file upload30.pdb (PDB, C-alpha atoms)
ATOM      1  CA  MET A1449     -86.736  52.970  48.800
ATOM      2  CA  SER A1450     -84.608  54.424  51.432
ATOM      3  CA  SER A1451     -81.338  56.211  50.832
ATOM      4  CA  ILE A1452     -79.488  53.447  52.684
ATOM      5  CA  THR A1453     -80.808  50.845  50.235
ATOM      6  CA  LEU A1454     -79.800  53.023  47.278
ATOM      7  CA  GLN A1455     -76.331  53.517  48.749
ATOM      8  CA  ALA A1456     -75.982  49.758  49.310
ATOM      9  CA  GLU A1457     -77.025  49.033  45.716
ATOM     10  CA  ALA A1458     -74.606  51.655  44.414
ATOM     11  CA  MET A1459     -71.786  50.110  46.475
ATOM     12  CA  ASP A1460     -72.689  46.650  45.151
ATOM     13  CA  GLY A1461     -72.593  48.016  41.597
ATOM     14  CA  GLN A1462     -69.201  49.622  42.235
ATOM     15  CA  GLU A1463     -67.870  46.390  43.731
ATOM     16  CA  GLU A1464     -69.054  44.435  40.688
ATOM     17  CA  GLU A1465     -67.414  46.961  38.341
ATOM     18  CA  GLN A1466     -64.206  46.764  40.357
ATOM     19  CA  LYS A1467     -64.277  42.941  40.205
ATOM     20  CA  GLU A1468     -64.840  43.097  36.434
ATOM     21  CA  GLU A1469     -61.920  45.501  36.032
ATOM     22  CA  GLU A1470     -59.707  43.244  38.166
ATOM     23  CA  GLU A1471     -60.755  40.224  36.088
ATOM     24  CA  LYS A1472     -59.979  42.138  32.881
ATOM     25  CA  ALA A1473     -56.601  43.178  34.292
ATOM     26  CA  LYS A1474     -55.796  39.538  35.133
ATOM     27  CA  LYS A1475     -56.764  38.389  31.637
ATOM     28  CA  ILE A1476     -54.716  41.191  30.085
ATOM     29  CA  ALA A1477     -51.676  40.346  32.202
ATOM     30  CA  SER A1478     -51.982  36.661  31.312
ATOM     31  CA  TRP A1479     -52.360  37.467  27.605
ATOM     32  CA  LEU A1480     -49.386  39.857  27.653
ATOM     33  CA  LYS A1481     -47.227  37.210  29.389
ATOM     34  CA  LYS A1482     -48.223  34.727  26.695
ATOM     35  CA  ILE A1483     -47.483  37.217  23.893
ATOM     36  CA  PHE A1484     -44.150  38.503  25.206
ATOM     37  CA  GLY A1485     -42.943  35.198  26.633
ATOM     38  CA  ASP A1486     -39.571  35.642  28.326
ATOM     39  CA  GLN A1487     -39.278  39.293  27.307
ATOM     40  CA  PRO A1488     -40.322  41.979  29.777
ATOM     41  CA  ILE A1489     -43.788  43.409  29.250
ATOM     42  CA  PRO A1490     -43.601  47.090  28.263
ATOM     43  CA  LYS A1491     -44.949  49.590  30.749
ATOM     44  CA  TYR A1492     -48.383  50.987  30.000
ATOM     45  CA  GLU A1493     -50.797  53.264  31.789
ATOM     46  CA  MET A1494     -53.601  51.393  33.508
ATOM     47  CA  ASN A1495     -56.740  53.405  32.937
ATOM     48  CA  PRO A1496     -60.187  52.354  31.761
ATOM     49  CA  ARG A1497     -59.441  53.218  28.123
ATOM     50  CA  THR A1498     -56.187  51.241  27.851
ATOM     51  CA  THR A1499     -57.753  48.399  29.801
ATOM     52  CA  ASP A1500     -60.675  48.249  27.380
ATOM     53  CA  ILE A1501     -58.362  48.432  24.345
ATOM     54  CA  LEU A1502     -55.997  45.755  25.637
ATOM     55  CA  TYR A1503     -58.896  43.558  26.720
ATOM     56  CA  HIS A1504     -60.463  43.862  23.259
ATOM     57  CA  LEU A1505     -57.108  43.035  21.647
ATOM     58  CA  SER A1506     -56.677  40.018  23.888
ATOM     59  CA  GLU A1507     -60.165  38.774  23.018
ATOM     60  CA  CYS A1508     -59.532  39.247  19.276
ATOM     61  CA  ASN A1509     -56.130  37.566  19.527
ATOM     62  CA  THR A1510     -57.579  34.639  21.449
ATOM     63  CA  ALA A1511     -60.353  34.228  18.870
ATOM     64  CA  ARG A1512     -57.801  34.387  16.048
ATOM     65  CA  ASP A1513     -55.621  31.791  17.788
ATOM     66  CA  ARG A1514     -58.678  29.556  18.122
ATOM     67  CA  ASP A1515     -59.479  30.006  14.426
ATOM     68  CA  VAL A1516     -55.885  29.279  13.413
ATOM     69  CA  SER A1517     -55.805  26.136  15.522
ATOM     70  CA  LEU A1518     -59.043  24.993  13.853
ATOM     71  CA  VAL A1519     -57.533  25.597  10.413
ATOM     72  CA  VAL A1520     -54.367  23.735  11.391
ATOM     73  CA  GLU A1521     -56.439  20.853  12.711
ATOM     74  CA  ASP A1522     -58.491  20.832   9.498
ATOM     75  CA  LEU A1523     -55.318  20.756   7.401
ATOM     76  CA  LYS A1524     -53.960  17.893   9.487
ATOM     77  CA  GLN A1525     -57.227  16.026   8.949
ATOM     78  CA  LYS A1526     -57.016  16.610   5.192
ATOM     79  CA  ALA A1527     -53.408  15.399   5.186
ATOM     80  CA  ARG A1528     -54.493  12.219   6.967
ATOM     81  CA  GLU A1529     -57.280  11.760   4.418
ATOM     82  CA  TYR A1530     -54.842  12.266   1.517
ATOM     83  CA  GLU A1531     -52.397   9.798   3.044
ATOM     84  CA  SER A1532     -55.192   7.283   3.501
ATOM     85  CA  GLU A1533     -56.339   7.783  -0.094
ATOM     86  CA  ALA A1534     -52.769   7.411  -1.351
ATOM     87  CA  LYS A1535     -52.317   4.207   0.634
ATOM     88  CA  TYR A1536     -55.586   2.841  -0.747
ATOM     89  CA  ILE A1537     -54.582   3.652  -4.328
ATOM     90  CA  GLN A1538     -51.122   2.169  -3.830
ATOM     91  CA  ASP A1539     -52.625  -1.014  -2.466
ATOM     92  CA  LEU A1540     -55.163  -1.129  -5.304
ATOM     93  CA  LEU A1541     -52.445  -0.679  -7.924
ATOM     94  CA  MET A1542     -50.274  -3.303  -6.279
ATOM     95  CA  GLU A1543     -53.117  -5.851  -6.091
ATOM     96  CA  SER A1544     -54.687  -5.269  -9.505
ATOM     97  CA  VAL A1545     -51.698  -4.709 -11.814
ATOM     98  CA  ASN A1546     -48.767  -5.434  -9.536
ATOM     99  CA  LEU A1547     -47.624  -1.812 -10.009
ATOM    100  CA  SER A1548     -45.951   0.175  -7.274
ATOM    101  CA  PHE A1549     -44.608   3.704  -7.254
ATOM    102  CA  THR A1550     -41.065   2.391  -6.980
ATOM    103  CA  SER A1551     -41.491   0.232 -10.084
ATOM    104  CA  LEU A1552     -42.463   3.216 -12.266
ATOM    105  CA  SER A1553     -39.970   4.563 -14.769
ATOM    106  CA  SER A1554     -38.541   8.009 -14.204
ATOM    107  CA  ILE A1555     -40.944   9.401 -16.813
ATOM    108  CA  GLY A1556     -43.883   7.658 -15.116
ATOM    109  CA  SER A1557     -42.787   9.018 -11.743
ATOM    110  CA  SER A1558     -42.479  12.542 -13.132
ATOM    111  CA  HIS A1559     -45.946  12.282 -14.709
ATOM    112  CA  LEU A1560     -47.401  11.042 -11.430
ATOM    113  CA  ASN A1561     -45.689  13.865  -9.525
ATOM    114  CA  ALA A1562     -47.044  16.384 -12.063
ATOM    115  CA  LEU A1563     -50.533  14.963 -11.543
ATOM    116  CA  VAL A1564     -50.208  15.270  -7.774
ATOM    117  CA  ASP A1565     -48.792  18.811  -8.050
ATOM    118  CA  SER A1566     -51.672  19.791 -10.352
ATOM    119  CA  ALA A1567     -54.188  18.414  -7.857
ATOM    120  CA  LEU A1568     -52.544  20.428  -5.077
ATOM    121  CA  VAL A1569     -52.469  23.646  -7.113
ATOM    122  CA  LEU A1570     -56.080  23.223  -8.217
ATOM    123  CA  GLU A1571     -57.049  22.331  -4.629
ATOM    124  CA  THR A1572     -58.998  19.249  -5.715
ATOM    125  CA  ASN A1573     -60.132  16.526  -3.356
ATOM    126  CA  ASP A1574     -58.382  13.844  -5.378
ATOM    127  CA  THR A1575     -56.702  13.252  -8.725
ATOM    128  CA  SER A1576     -59.779  11.959 -10.518
ATOM    129  CA  LEU A1577     -60.972  13.507 -13.747
ATOM    130  CA  ALA A1578     -64.243  14.413 -12.015
ATOM    131  CA  SER A1579     -62.249  16.669  -9.659
ATOM    132  CA  PHE A1580     -59.982  18.184 -12.298
ATOM    133  CA  ILE A1581     -62.707  19.279 -14.746
ATOM    134  CA  PRO A1582     -64.596  21.597 -12.322
ATOM    135  CA  ALA A1583     -61.307  22.999 -11.026
ATOM    136  CA  VAL A1584     -60.064  23.774 -14.538
ATOM    137  CA  ASN A1585     -63.480  25.219 -15.462
ATOM    138  CA  SER A1586     -63.336  27.446 -12.414
ATOM    139  CA  LEU A1587     -59.868  28.661 -13.385
ATOM    140  CA  ALA A1588     -61.033  29.273 -16.957
ATOM    141  CA  ALA A1589     -63.981  31.303 -15.681
ATOM    142  CA  ASP A1590     -61.607  33.324 -13.486
ATOM    143  CA  LEU A1591     -59.370  33.894 -16.498
ATOM    144  CA  PHE A1592     -62.269  35.144 -18.645
ATOM    145  CA  ARG A1593     -63.469  37.456 -15.852
ATOM    146  CA  THR A1594     -59.954  38.827 -15.487
ATOM    147  CA  LYS A1595     -59.605  39.333 -19.245
ATOM    148  CA  ALA A1596     -62.959  41.136 -19.374
ATOM    149  CA  ARG A1597     -61.923  43.368 -16.475
ATOM    150  CA  ASN A1598     -58.589  44.089 -18.179
ATOM    151  CA  GLU A1599     -60.389  45.068 -21.378
ATOM    152  CA  GLU A1600     -62.674  47.391 -19.405
ATOM    153  CA  MET A1601     -59.645  48.945 -17.749
ATOM    154  CA  GLU A1602     -57.909  49.392 -21.126
ATOM    155  CA  VAL A1603     -60.975  51.197 -22.515
ATOM    156  CA  GLU A1604     -61.055  53.395 -19.412
ATOM    157  CA  LEU A1605     -57.322  54.061 -19.729
ATOM    158  CA  SER A1606     -57.769  54.983 -23.404
ATOM    159  CA  LYS A1607     -60.545  57.433 -22.482
ATOM    160  CA  LEU A1608     -58.378  58.947 -19.761
ATOM    161  CA  GLY A1609     -55.476  59.261 -22.207
ATOM    162  CA  LYS A1610     -57.683  61.073 -24.730
ATOM    163  CA  ASN A1611     -59.016  63.362 -22.000
ATOM    164  CA  LEU A1612     -55.487  64.095 -20.817
ATOM    165  CA  THR A1613     -54.368  64.932 -24.372
ATOM    166  CA  ALA A1614     -57.360  67.216 -24.885
ATOM    167  CA  ASN A1615     -56.721  68.945 -21.570
ATOM    168  CA  LEU A1616     -53.036  69.460 -22.359
ATOM    169  CA  ILE A1617     -53.916  70.980 -25.755
ATOM    170  CA  LEU A1618     -56.513  73.207 -24.102
ATOM    171  CA  GLU A1619     -54.000  74.276 -21.462
ATOM    172  CA  LYS A1620     -51.442  75.133 -24.169
ATOM    173  CA  CYS A1621     -54.035  77.153 -26.073
ATOM    174  CA  LEU A1622     -55.047  79.019 -22.939
ATOM    175  CA  ARG A1623     -51.407  79.886 -22.222
ATOM    176  CA  GLU A1624     -50.975  81.235 -25.766
ATOM    177  CA  ILE A1625     -54.045  83.497 -25.625
ATOM    178  CA  PRO A1626     -52.398  86.262 -23.523
ATOM    179  CA  TRP A1627     -49.357  86.193 -25.831
ATOM    180  CA  MET A1628     -51.605  86.458 -28.920
ATOM    181  CA  LEU A1629     -53.548  89.297 -27.369
ATOM    182  CA  SER A1630     -50.413  91.208 -26.496
ATOM    183  CA  SER A1631     -48.917  90.726 -29.979
ATOM    184  CA  GLN A1632     -52.240  91.714 -31.592
ATOM    185  CA  ARG A1633     -52.239  94.972 -29.663
ATOM    186  CA  ARG A1634     -48.811  95.814 -31.000
ATOM    187  CA  TRP A1635     -50.023  95.530 -34.604
ATOM    188  CA  THR A1636     -52.957  97.828 -34.123
TER     189      THR A1636
END
call {"tool": "encode", "arguments": {"input": "upload30.pdb", "output": "structure tokens"}}
result
Amino acid sequence: MSSITLQAEAMDGQEEEQKEEEEKAKKIASWLKKIFGDQPIPKYEMNPRTTDILYHLSECNTARDRDVSLVVEDLKQKAREYESEAKYIQDLLMESVNLSFTSLSSIGSSHLNALVDSALVLETNDTSLASFIPAVNSLAADLFRTKARNEEMEVELSKLGKNLTANLILEKCLREIPWMLSSQRRWT
């Protein structure tokens, strides 16, 4: 290859790098405008390092925003499903036993609300017994694991306490040795 061809390829490579840097700078500026909104964007030094850092941050932030929007959409979908399930159950109760939520006594309403709150806390799909049992079992297993870990930590703490006591006694004895030696010399 001739030197002219090499120079042309090097210039093409530099032009591509420059275009990439310009594209990154545009994305960074757009991201910063989105982040700061109406507030002025703080001044920063434009060099390859800060550009790379800000570009990486913008990419991470964009990915996180995408993930958050997916979670929000999922939660909205679950809310729609819960509302649909509630409507179905209300209709079923109304048709089969002519019972509506408004016709329940205050005690019945409070029990129903407690059932719903329990389902939400346990993160079950519905309020059926088949959903509650695994959720309660999972919580019980978590409780037993936590108790076992606490017992292990108490044993470890007891050992550390005994070691600390032994070390303090040893330290006291070591401090008394020079005093004993000096008083022993006086008697001889």
call {"tool": "closest_residue", "arguments": {"input": "upload30.pdb", "among": "A:Glu1470, A:Asn1615, A:Val1519, A:Trp1479", "to": "Pro1496 (chain A)", "atoms": "all atoms listed in the file"}}
result
A:Glu1470
call {"tool": "resolve_selection", "arguments": {"input": "upload30.pdb", "expression": "the PyMOL selection byres ((chain A and resi 1503-1507) around 12)", "output": "number ranges by chain"}}
result
A: 1468-1483, 1494-1502, 1508-1514
call {"tool": "write_last_selection", "arguments": {"input": "upload30.pdb", "atoms": "C-alpha atoms", "output": "PDB file, in the coordinates of the input"}}
result
ATOM      1  CA  GLU A1468     -64.840  43.097  36.434  1.00  0.00           C
ATOM      2  CA  GLU A1469     -61.920  45.501  36.032  1.00  0.00           C
ATOM      3  CA  GLU A1470     -59.707  43.244  38.166  1.00  0.00           C
ATOM      4  CA  GLU A1471     -60.755  40.224  36.088  1.00  0.00           C
ATOM      5  CA  LYS A1472     -59.979  42.138  32.881  1.00  0.00           C
ATOM      6  CA  ALA A1473     -56.601  43.178  34.292  1.00  0.00           C
ATOM      7  CA  LYS A1474     -55.796  39.538  35.133  1.00  0.00           C
ATOM      8  CA  LYS A1475     -56.764  38.389  31.637  1.00  0.00           C
ATOM      9  CA  ILE A1476     -54.716  41.191  30.085  1.00  0.00           C
ATOM     10  CA  ALA A1477     -51.676  40.346  32.202  1.00  0.00           C
ATOM     11  CA  SER A1478     -51.982  36.661  31.312  1.00  0.00           C
ATOM     12  CA  TRP A1479     -52.360  37.467  27.605  1.00  0.00           C
ATOM     13  CA  LEU A1480     -49.386  39.857  27.653  1.00  0.00           C
ATOM     14  CA  LYS A1481     -47.227  37.210  29.389  1.00  0.00           C
ATOM     15  CA  LYS A1482     -48.223  34.727  26.695  1.00  0.00           C
ATOM     16  CA  ILE A1483     -47.483  37.217  23.893  1.00  0.00           C
ATOM     17  CA  MET A1494     -53.601  51.393  33.508  1.00  0.00           C
ATOM     18  CA  ASN A1495     -56.740  53.405  32.937  1.00  0.00           C
ATOM     19  CA  PRO A1496     -60.187  52.354  31.761  1.00  0.00           C
ATOM     20  CA  ARG A1497     -59.441  53.218  28.123  1.00  0.00           C
ATOM     21  CA  THR A1498     -56.187  51.241  27.851  1.00  0.00           C
ATOM     22  CA  THR A1499     -57.753  48.399  29.801  1.00  0.00           C
ATOM     23  CA  ASP A1500     -60.675  48.249  27.380  1.00  0.00           C
ATOM     24  CA  ILE A1501     -58.362  48.432  24.345  1.00  0.00           C
ATOM     25  CA  LEU A1502     -55.997  45.755  25.637  1.00  0.00           C
ATOM     26  CA  CYS A1508     -59.532  39.247  19.276  1.00  0.00           C
ATOM     27  CA  ASN A1509     -56.130  37.566  19.527  1.00  0.00           C
ATOM     28  CA  THR A1510     -57.579  34.639  21.449  1.00  0.00           C
ATOM     29  CA  ALA A1511     -60.353  34.228  18.870  1.00  0.00           C
ATOM     30  CA  ARG A1512     -57.801  34.387  16.048  1.00  0.00           C
ATOM     31  CA  ASP A1513     -55.621  31.791  17.788  1.00  0.00           C
ATOM     32  CA  ARG A1514     -58.678  29.556  18.122  1.00  0.00           C
TER      33      ARG A1514
END
call {"tool": "closest_residue", "arguments": {"input": "upload30.pdb", "among": "A:Asp1574, A:Ser1566, A:Ile1555, A:Leu1616", "to": "Glu1533 (chain A)", "atoms": "only C-alpha atoms"}}
result
A:Asp1574
call {"tool": "atom_distance", "arguments": {"input": "upload30.pdb", "atom1": "CA of His1559 (chain A)", "atom2": "CA of Arg1528 (chain A)"}}
result
23.3 Å
call {"tool": "atom_distance", "arguments": {"input": "upload30.pdb", "atom1": "CA of Glu1521 (chain A)", "atom2": "CA of Ala1567 (chain A)"}}
result
20.8 Å
call {"tool": "atom_distance", "arguments": {"input": "upload30.pdb", "atom1": "CA of Gly1485 (chain A)", "atom2": "CA of Lys1524 (chain A)"}}
result
26.7 Å
call {"tool": "residues_around", "arguments": {"input": "upload30.pdb", "residues": "Ser1551 (chain A)", "least_positions_apart": "6", "cutoff": "12 Å", "atoms": "all atoms listed in the file", "output": "list in words"}}
result
Gln1538, Leu1541, Met1542, Val1545 and Ser1557 of chain A
call {"tool": "axis_aligned_box", "arguments": {"input": "upload30.pdb", "around": "region 1598-1616 of chain A", "padding_each_side": "4 Å", "output": "JSON"}}
result
{"center_x": -57.9, "center_y": 56.8, "center_z": -21.3, "size_x": 17.6, "size_y": 33.4, "size_z": 15.1}
call {"tool": "decode", "arguments": {"input": "upload30.pdb", "residues": "region 1549-1573 of chain A", "atoms": "N, CA, C and O atoms", "output": "PDB file, in the first residue's frame"}}
result
ATOM      1  N   PHE A1549     -70.690  -5.925  48.436  1.00  0.00           N
ATOM      2  CA  PHE A1549     -69.794  -5.356  49.437  1.00  0.00           C
ATOM      3  C   PHE A1549     -70.521  -4.332  50.295  1.00  0.00           C
ATOM      4  O   PHE A1549     -70.291  -4.238  51.495  1.00  0.00           O
ATOM      5  N   THR A1550     -71.418  -3.590  49.687  1.00  0.00           N
ATOM      6  CA  THR A1550     -72.143  -2.558  50.440  1.00  0.00           C
ATOM      7  C   THR A1550     -73.153  -3.148  51.409  1.00  0.00           C
ATOM      8  O   THR A1550     -73.532  -2.507  52.382  1.00  0.00           O
ATOM      9  N   SER A1551     -73.585  -4.392  51.172  1.00  0.00           N
ATOM     10  CA  SER A1551     -74.560  -5.003  52.072  1.00  0.00           C
ATOM     11  C   SER A1551     -73.899  -5.723  53.244  1.00  0.00           C
ATOM     12  O   SER A1551     -74.591  -6.231  54.118  1.00  0.00           O
ATOM     13  N   LEU A1552     -72.567  -5.764  53.280  1.00  0.00           N
ATOM     14  CA  LEU A1552     -71.870  -6.421  54.388  1.00  0.00           C
ATOM     15  C   LEU A1552     -71.958  -5.561  55.651  1.00  0.00           C
ATOM     16  O   LEU A1552     -72.003  -4.334  55.583  1.00  0.00           O
ATOM     17  N   SER A1553     -71.951  -6.220  56.786  1.00  0.00           N
ATOM     18  CA  SER A1553     -71.909  -5.489  58.052  1.00  0.00           C
ATOM     19  C   SER A1553     -70.532  -4.858  58.212  1.00  0.00           C
ATOM     20  O   SER A1553     -69.604  -5.167  57.453  1.00  0.00           O
ATOM     21  N   SER A1554     -70.397  -4.009  59.194  1.00  0.00           N
ATOM     22  CA  SER A1554     -69.098  -3.362  59.395  1.00  0.00           C
ATOM     23  C   SER A1554     -68.045  -4.401  59.759  1.00  0.00           C
ATOM     24  O   SER A1554     -66.883  -4.300  59.335  1.00  0.00           O
ATOM     25  N   ILE A1555     -68.422  -5.417  60.520  1.00  0.00           N
ATOM     26  CA  ILE A1555     -67.480  -6.483  60.866  1.00  0.00           C
ATOM     27  C   ILE A1555     -67.096  -7.266  59.612  1.00  0.00           C
ATOM     28  O   ILE A1555     -65.924  -7.569  59.392  1.00  0.00           O
ATOM     29  N   GLY A1556     -68.083  -7.579  58.771  1.00  0.00           N
ATOM     30  CA  GLY A1556     -67.802  -8.292  57.523  1.00  0.00           C
ATOM     31  C   GLY A1556     -66.892  -7.484  56.610  1.00  0.00           C
ATOM     32  O   GLY A1556     -65.975  -8.029  55.999  1.00  0.00           O
ATOM     33  N   SER A1557     -67.147  -6.172  56.541  1.00  0.00           N
ATOM     34  CA  SER A1557     -66.300  -5.304  55.721  1.00  0.00           C
ATOM     35  C   SER A1557     -64.880  -5.269  56.259  1.00  0.00           C
ATOM     36  O   SER A1557     -63.914  -5.318  55.489  1.00  0.00           O
ATOM     37  N   SER A1558     -64.743  -5.190  57.588  1.00  0.00           N
ATOM     38  CA  SER A1558     -63.395  -5.142  58.165  1.00  0.00           C
ATOM     39  C   SER A1558     -62.663  -6.459  57.936  1.00  0.00           C
ATOM     40  O   SER A1558     -61.464  -6.472  57.671  1.00  0.00           O
ATOM     41  N   HIS A1559     -63.393  -7.586  58.020  1.00  0.00           N
ATOM     42  CA  HIS A1559     -62.763  -8.883  57.746  1.00  0.00           C
ATOM     43  C   HIS A1559     -62.331  -8.978  56.279  1.00  0.00           C
ATOM     44  O   HIS A1559     -61.243  -9.485  55.984  1.00  0.00           O
ATOM     45  N   LEU A1560     -63.171  -8.499  55.388  1.00  0.00           N
ATOM     46  CA  LEU A1560     -62.830  -8.524  53.968  1.00  0.00           C
ATOM     47  C   LEU A1560     -61.621  -7.636  53.693  1.00  0.00           C
ATOM     48  O   LEU A1560     -60.711  -8.016  52.951  1.00  0.00           O
ATOM     49  N   ASN A1561     -61.603  -6.448  54.311  1.00  0.00           N
ATOM     50  CA  ASN A1561     -60.446  -5.554  54.141  1.00  0.00           C
ATOM     51  C   ASN A1561     -59.177  -6.188  54.704  1.00  0.00           C
ATOM     52  O   ASN A1561     -58.095  -6.049  54.111  1.00  0.00           O
ATOM     53  N   ALA A1562     -59.295  -6.882  55.843  1.00  0.00           N
ATOM     54  CA  ALA A1562     -58.122  -7.566  56.417  1.00  0.00           C
ATOM     55  C   ALA A1562     -57.624  -8.651  55.476  1.00  0.00           C
ATOM     56  O   ALA A1562     -56.407  -8.841  55.311  1.00  0.00           O
ATOM     57  N   LEU A1563     -58.550  -9.367  54.836  1.00  0.00           N
ATOM     58  CA  LEU A1563     -58.176 -10.405  53.885  1.00  0.00           C
ATOM     59  C   LEU A1563     -57.439  -9.806  52.691  1.00  0.00           C
ATOM     60  O   LEU A1563     -56.395 -10.315  52.261  1.00  0.00           O
ATOM     61  N   VAL A1564     -57.955  -8.711  52.190  1.00  0.00           N
ATOM     62  CA  VAL A1564     -57.318  -8.031  51.051  1.00  0.00           C
ATOM     63  C   VAL A1564     -55.944  -7.508  51.457  1.00  0.00           C
ATOM     64  O   VAL A1564     -54.960  -7.675  50.723  1.00  0.00           O
ATOM     65  N   ASP A1565     -55.852  -6.873  52.645  1.00  0.00           N
ATOM     66  CA  ASP A1565     -54.567  -6.354  53.109  1.00  0.00           C
ATOM     67  C   ASP A1565     -53.551  -7.480  53.283  1.00  0.00           C
ATOM     68  O   ASP A1565     -52.377  -7.324  52.938  1.00  0.00           O
ATOM     69  N   SER A1566     -54.007  -8.618  53.804  1.00  0.00           N
ATOM     70  CA  SER A1566     -53.114  -9.775  53.968  1.00  0.00           C
ATOM     71  C   SER A1566     -52.609 -10.255  52.617  1.00  0.00           C
ATOM     72  O   SER A1566     -51.424 -10.584  52.461  1.00  0.00           O
ATOM     73  N   ALA A1567     -53.498 -10.306  51.634  1.00  0.00           N
ATOM     74  CA  ALA A1567     -53.095 -10.736  50.290  1.00  0.00           C
ATOM     75  C   ALA A1567     -52.063  -9.773  49.707  1.00  0.00           C
ATOM     76  O   ALA A1567     -51.106 -10.198  49.056  1.00  0.00           O
ATOM     77  N   LEU A1568     -52.241  -8.478  49.962  1.00  0.00           N
ATOM     78  CA  LEU A1568     -51.279  -7.500  49.447  1.00  0.00           C
ATOM     79  C   LEU A1568     -49.930  -7.631  50.141  1.00  0.00           C
ATOM     80  O   LEU A1568     -48.881  -7.575  49.497  1.00  0.00           O
ATOM     81  N   VAL A1569     -49.946  -7.805  51.462  1.00  0.00           N
ATOM     82  CA  VAL A1569     -48.696  -7.937  52.211  1.00  0.00           C
ATOM     83  C   VAL A1569     -47.962  -9.206  51.810  1.00  0.00           C
ATOM     84  O   VAL A1569     -46.741  -9.207  51.643  1.00  0.00           O
ATOM     85  N   LEU A1570     -48.695 -10.289  51.648  1.00  0.00           N
ATOM     86  CA  LEU A1570     -48.080 -11.570  51.283  1.00  0.00           C
ATOM     87  C   LEU A1570     -47.751 -11.654  49.798  1.00  0.00           C
ATOM     88  O   LEU A1570     -47.138 -12.621  49.347  1.00  0.00           O
ATOM     89  N   GLU A1571     -48.188 -10.652  49.041  1.00  0.00           N
ATOM     90  CA  GLU A1571     -47.932 -10.579  47.594  1.00  0.00           C
ATOM     91  C   GLU A1571     -48.467 -11.817  46.877  1.00  0.00           C
ATOM     92  O   GLU A1571     -47.795 -12.419  46.035  1.00  0.00           O
ATOM     93  N   THR A1572     -49.693 -12.204  47.214  1.00  0.00           N
ATOM     94  CA  THR A1572     -50.327 -13.346  46.555  1.00  0.00           C
ATOM     95  C   THR A1572     -51.041 -12.878  45.298  1.00  0.00           C
ATOM     96  O   THR A1572     -51.327 -11.694  45.125  1.00  0.00           O
ATOM     97  N   ASN A1573     -51.327 -13.836  44.425  1.00  0.00           N
ATOM     98  CA  ASN A1573     -52.041 -13.504  43.192  1.00  0.00           C
ATOM     99  C   ASN A1573     -53.508 -13.206  43.458  1.00  0.00           C
ATOM    100  O   ASN A1573     -54.128 -12.430  42.746  1.00  0.00           O
TER     101      ASN A1573
END
